[in-house]
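What follows is a single structure, written as structure tokens, with notes after it.
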Protein chains: 2
Amino acid sequence: MSTETKPLSSTPRTTLRRHKERGAAERSSLYEVLDAGLVCHLGVIADGVPLVLPTAYGRDGDTMYLHGSSANGTFRAADGQQVCATVTHLDGIVCARSAFSHSVNYRSAVVYGTATVVREEDERWQALRVITDHLVPGQWAAVRQPTRKEMAATAVLALPLAEASVKIRTGMPADPPQDLDHSVWAGVLPMSVAFGEPHTDPHVGADVPVPAHIRDRCQHGNPTAVGGAAR
Amino acid sequence: MSTETKPLSSTPRTTLRRHKERGAAERSSLYEVLDAGLVCHLGVIADGVPLVLPTAYGRDGDTMYLHGSSANGTFRAADGQQVCATVTHLDGIVCARSAFSHSVNYRSAVVYGTATVVREEDERWQALRVITDHLVPGQWAAVRQPTRKEMAATAVLALPLAEASVKIRTGMPADPPQDLDHSVWAGVLPMSVAFGEPHTDPHVGADVPVPAHIRDRCQHGNPTAVGGAAR
């Protein structure tokens with residue numbers, strides 16, 4: 001059954017107390033924010049203190065997969081523990097008439113849950129496929145797949161998409177009415193992620209063109225470029 | 001005294017155990033990564049579990065300032081506690097001949113330390129100036145400054161830049177020699193943050209042009225655009 005239509009859970013920590021208008025309640029919004037990102041910021045408690053590490057990820061239905069080196073102590077610390085994984089897209093700088101009303105346009109997803117180091121080989125394989133194709137759709141089938149030794153060197157963390165908070169800010173500054181008469185410029189400086197032309201590795205033979213799925217990634221790959229202040 | 005030349009501290013948690021070649025030991029690298037960003041991901045422990053929130057910030061010498069609503073429970077949870085603030089720039093997707101060797105080009109700074117809610121009004125004022133000018137240099141002087149009520153509604157967190165880990169990956173994939181013969185495209189898909197044309201708020205009078213410092217921000221504002229895979 002598709003989960004697209006299930007609303008996001010509402011728990012005390014995912015219930016917005018301020019700027020409730022920025023909350024997105026649909027599960028599809030969570031998917032959109034996650035699918036548009038490349039790295040999340042994974043927060044774990046290690047030796048009693050918080051640690052926030054940028055980490056590649058992918059999404060398979062209602063599971064977020066993260067991967068790292070099997071020597072990664074953070075993943076060991078996360079196994080079976082409550083973690084938090086956050087994905088943020090910046091869509092613009094919001095310039096107001098007052099310093100106080102400045103803001104940014106953004107889309108963010110904060111996912112809470114118990115992380116598990118995946119041990120079952122089939123699921124690990126599937127997770128790595130998902131993470132690779134998240135980076136560049138179609139890439140898993142185009143490249144050499146992992147050896148047994150590479151699989152042993154790789155740790156995969158699973159995080160269920162059961163409890164999450166999605167926030168989206170769009171549009172113009174929210175200056176109070178009495179500030180609107182100030183003769184100060186106000187507006188939005190839209191930001192987006194742009195891909196440049198692919199740089200081919202010098203060892204690649206002259207007979208190997210840039211494949212279509214790589215070109216697609218550079219042209220349409222990141223929805224950040226089409227989101228943003230104009231929405 | 002300038003601290004530019006002081007090396008970054010080396011502590012057990014800032015000592016890289018893998019990919020040591022990605023470590024940057026100069027304090028100036030920390031400044032560069034922080035100064036090029038707009039939001040950090042702040043990790044705190046709240047009710048015993050990690051929480052990672054995207055948060056605006058600025059840097060004043062060797063202090064990082066973050067701000068939020070004074071009703072923000074996360075800031076209260078962080079006061080006097082060990083926190084972690086991470087800034088990450090994505091500069092490219094690194095496509096290798098094997099799934100295993102895929103990577104991203106990035107610059108990241110992970111700052112560890114004890115956060116303090118700033119209570120002294122002069123420092124709070126200075127911090128808000130720093131955060132506003134970090135968003136758009138020159139903006140503090142151009143807009144209405146905070147009222148007493150706005151100051152009361154704002155919480156400022158200070159984090160000393162005493163312990164940090166800076167990592168930078170650049171360049172082509174690191175495929176093992178035996179993979180170089182594979183007839184697979186490999187290379188880097190460069191990414192950068194691009195500003196679009198400023199969108200003027202419809203309430204701004206037709207006689208108010210886009211100021212020069214706003215135009216500057218859009219054209220040269222984010223060093224992400226000049227870093228990246230080409231380095």
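Quick note on naming: the chains in the structure tokens go A, B, ... in the order shown, residues restart at 1 in each chain, and ligands are numbered from 1 in order of appearance.
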
Determine, using only C-alpha atoms, which residues of chain B have any atom at most 7 Å from an atom of chain A, and tabulate each with its shortest atom pair and distance in Å to one decimal place, rows ordered by chain and then rising number, as JSON lines.
{"residue": "B:His41", "atom": "CA", "partner": "A:His41", "partner_atom": "CA", "distance": 6.9}
{"residue": "B:Gly43", "atom": "CA", "partner": "A:Pro50", "partner_atom": "CA", "distance": 5.8}
{"residue": "B:Val44", "atom": "CA", "partner": "A:Pro50", "partner_atom": "CA", "distance": 5.8}
{"residue": "B:Ile45", "atom": "CA", "partner": "A:Pro50", "partner_atom": "CA", "distance": 6.3}
{"residue": "B:Val49", "atom": "CA", "partner": "A:Gln82", "partner_atom": "CA", "distance": 6.1}
{"residue": "B:Pro50", "atom": "CA", "partner": "A:Val44", "partner_atom": "CA", "distance": 5.8}
{"residue": "B:Leu51", "atom": "CA", "partner": "A:Cys84", "partner_atom": "CA", "distance": 5.7}
{"residue": "B:Val52", "atom": "CA", "partner": "A:Gly43", "partner_atom": "CA", "distance": 5.9}
{"residue": "B:Pro54", "atom": "CA", "partner": "A:Thr88", "partner_atom": "CA", "distance": 6.9}
{"residue": "B:Gln82", "atom": "CA", "partner": "A:Val49", "partner_atom": "CA", "distance": 6.1}
{"residue": "B:Val83", "atom": "CA", "partner": "A:Pro50", "partner_atom": "CA", "distance": 5.8}
{"residue": "B:Cys84", "atom": "CA", "partner": "A:Leu51", "partner_atom": "CA", "distance": 5.7}
{"residue": "B:Ala85", "atom": "CA", "partner": "A:Val52", "partner_atom": "CA", "distance": 6.9}
{"residue": "B:Thr86", "atom": "CA", "partner": "A:Val52", "partner_atom": "CA", "distance": 6.2}
{"residue": "B:Thr88", "atom": "CA", "partner": "A:Pro54", "partner_atom": "CA", "distance": 6.9}
{"residue": "B:Arg97", "atom": "CA", "partner": "A:Val143", "partner_atom": "CA", "distance": 5.4}
{"residue": "B:Ser98", "atom": "CA", "partner": "A:Arg144", "partner_atom": "CA", "distance": 4.3}
{"residue": "B:Ala99", "atom": "CA", "partner": "A:Gln145", "partner_atom": "CA", "distance": 5.6}
{"residue": "B:Phe100", "atom": "CA", "partner": "A:Pro146", "partner_atom": "CA", "distance": 6.0}
{"residue": "B:Thr132", "atom": "CA", "partner": "A:Ala99", "partner_atom": "CA", "distance": 6.6}
{"residue": "B:Trp140", "atom": "CA", "partner": "A:Ala99", "partner_atom": "CA", "distance": 6.4}
{"residue": "B:Val143", "atom": "CA", "partner": "A:Ser98", "partner_atom": "CA", "distance": 5.1}
{"residue": "B:Arg144", "atom": "CA", "partner": "A:Ser98", "partner_atom": "CA", "distance": 4.3}
{"residue": "B:Gln145", "atom": "CA", "partner": "A:Ala99", "partner_atom": "CA", "distance": 5.6}
{"residue": "B:Pro146", "atom": "CA", "partner": "A:Phe100", "partner_atom": "CA", "distance": 6.0}
{"residue": "B:Glu150", "atom": "CA", "partner": "A:Phe100", "partner_atom": "CA", "distance": 6.7}
{"residue": "B:Met172", "atom": "CA", "partner": "A:Asp201", "partner_atom": "CA", "distance": 6.2}
{"residue": "B:Leu180", "atom": "CA", "partner": "A:His203", "partner_atom": "CA", "distance": 6.9}
{"residue": "B:Ser183", "atom": "CA", "partner": "A:Val208", "partner_atom": "CA", "distance": 6.8}
{"residue": "B:Val184", "atom": "CA", "partner": "A:Val143", "partner_atom": "CA", "distance": 6.7}
{"residue": "B:Trp185", "atom": "CA", "partner": "A:Val208", "partner_atom": "CA", "distance": 6.1}
{"residue": "B:Ala186", "atom": "CA", "partner": "A:Asp201", "partner_atom": "CA", "distance": 5.6}
{"residue": "B:Gly187", "atom": "CA", "partner": "A:Thr200", "partner_atom": "CA", "distance": 4.4}
{"residue": "B:Val188", "atom": "CA", "partner": "A:His199", "partner_atom": "CA", "distance": 5.1}
{"residue": "B:Leu189", "atom": "CA", "partner": "A:Pro198", "partner_atom": "CA", "distance": 4.6}
{"residue": "B:Pro190", "atom": "CA", "partner": "A:Gly196", "partner_atom": "CA", "distance": 5.1}
{"residue": "B:Met191", "atom": "CA", "partner": "A:Phe195", "partner_atom": "CA", "distance": 4.5}
{"residue": "B:Ser192", "atom": "CA", "partner": "A:Ala194", "partner_atom": "CA", "distance": 5.3}
{"residue": "B:Val193", "atom": "CA", "partner": "A:Val193", "partner_atom": "CA", "distance": 4.6}
{"residue": "B:Ala194", "atom": "CA", "partner": "A:Ser192", "partner_atom": "CA", "distance": 5.3}
{"residue": "B:Phe195", "atom": "CA", "partner": "A:Met191", "partner_atom": "CA", "distance": 4.5}
{"residue": "B:Gly196", "atom": "CA", "partner": "A:Pro190", "partner_atom": "CA", "distance": 5.1}
{"residue": "B:Glu197", "atom": "CA", "partner": "A:Leu189", "partner_atom": "CA", "distance": 6.8}
{"residue": "B:Pro198", "atom": "CA", "partner": "A:Leu189", "partner_atom": "CA", "distance": 4.6}
{"residue": "B:His199", "atom": "CA", "partner": "A:Val188", "partner_atom": "CA", "distance": 5.1}
{"residue": "B:Thr200", "atom": "CA", "partner": "A:Gly187", "partner_atom": "CA", "distance": 4.4}
{"residue": "B:Asp201", "atom": "CA", "partner": "A:Gly187", "partner_atom": "CA", "distance": 4.4}
{"residue": "B:His203", "atom": "CA", "partner": "A:Leu180", "partner_atom": "CA", "distance": 6.9}
{"residue": "B:Val204", "atom": "CA", "partner": "A:Trp185", "partner_atom": "CA", "distance": 6.3}
{"residue": "B:Val208", "atom": "CA", "partner": "A:Trp185", "partner_atom": "CA", "distance": 6.1}
{"residue": "B:Pro209", "atom": "CA", "partner": "A:Trp185", "partner_atom": "CA", "distance": 6.9}
{"residue": "B:Val210", "atom": "CA", "partner": "A:Trp185", "partner_atom": "CA", "distance": 6.3}
{"residue": "B:Cys218", "atom": "CA", "partner": "A:Leu189", "partner_atom": "CA", "distance": 6.9}

Residue set, range 22-208 of chain A restricted to strand (DSSP E), as a ChimeraX atom specification: /A:23-24,39-46,49-60,63-69,82-95,103-114,116-117,154-160,163-169,187-195,199-200

Suppose you want the space between CA of Arg169 in chain B and CA of Val130 in chain B; what is it in Å?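 Atom-to-atom, CA of Arg169 in chain B and CA of Val130 in chain B are spaced 28.7 Å apart.
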
Report the distance between CA of Leu159 in chain B and CA of Glu120 in chain B in Å, rounded to one decimal place.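 Separation between CA of Leu159 in chain B and CA of Glu120 in chain B: 15.0 Å.
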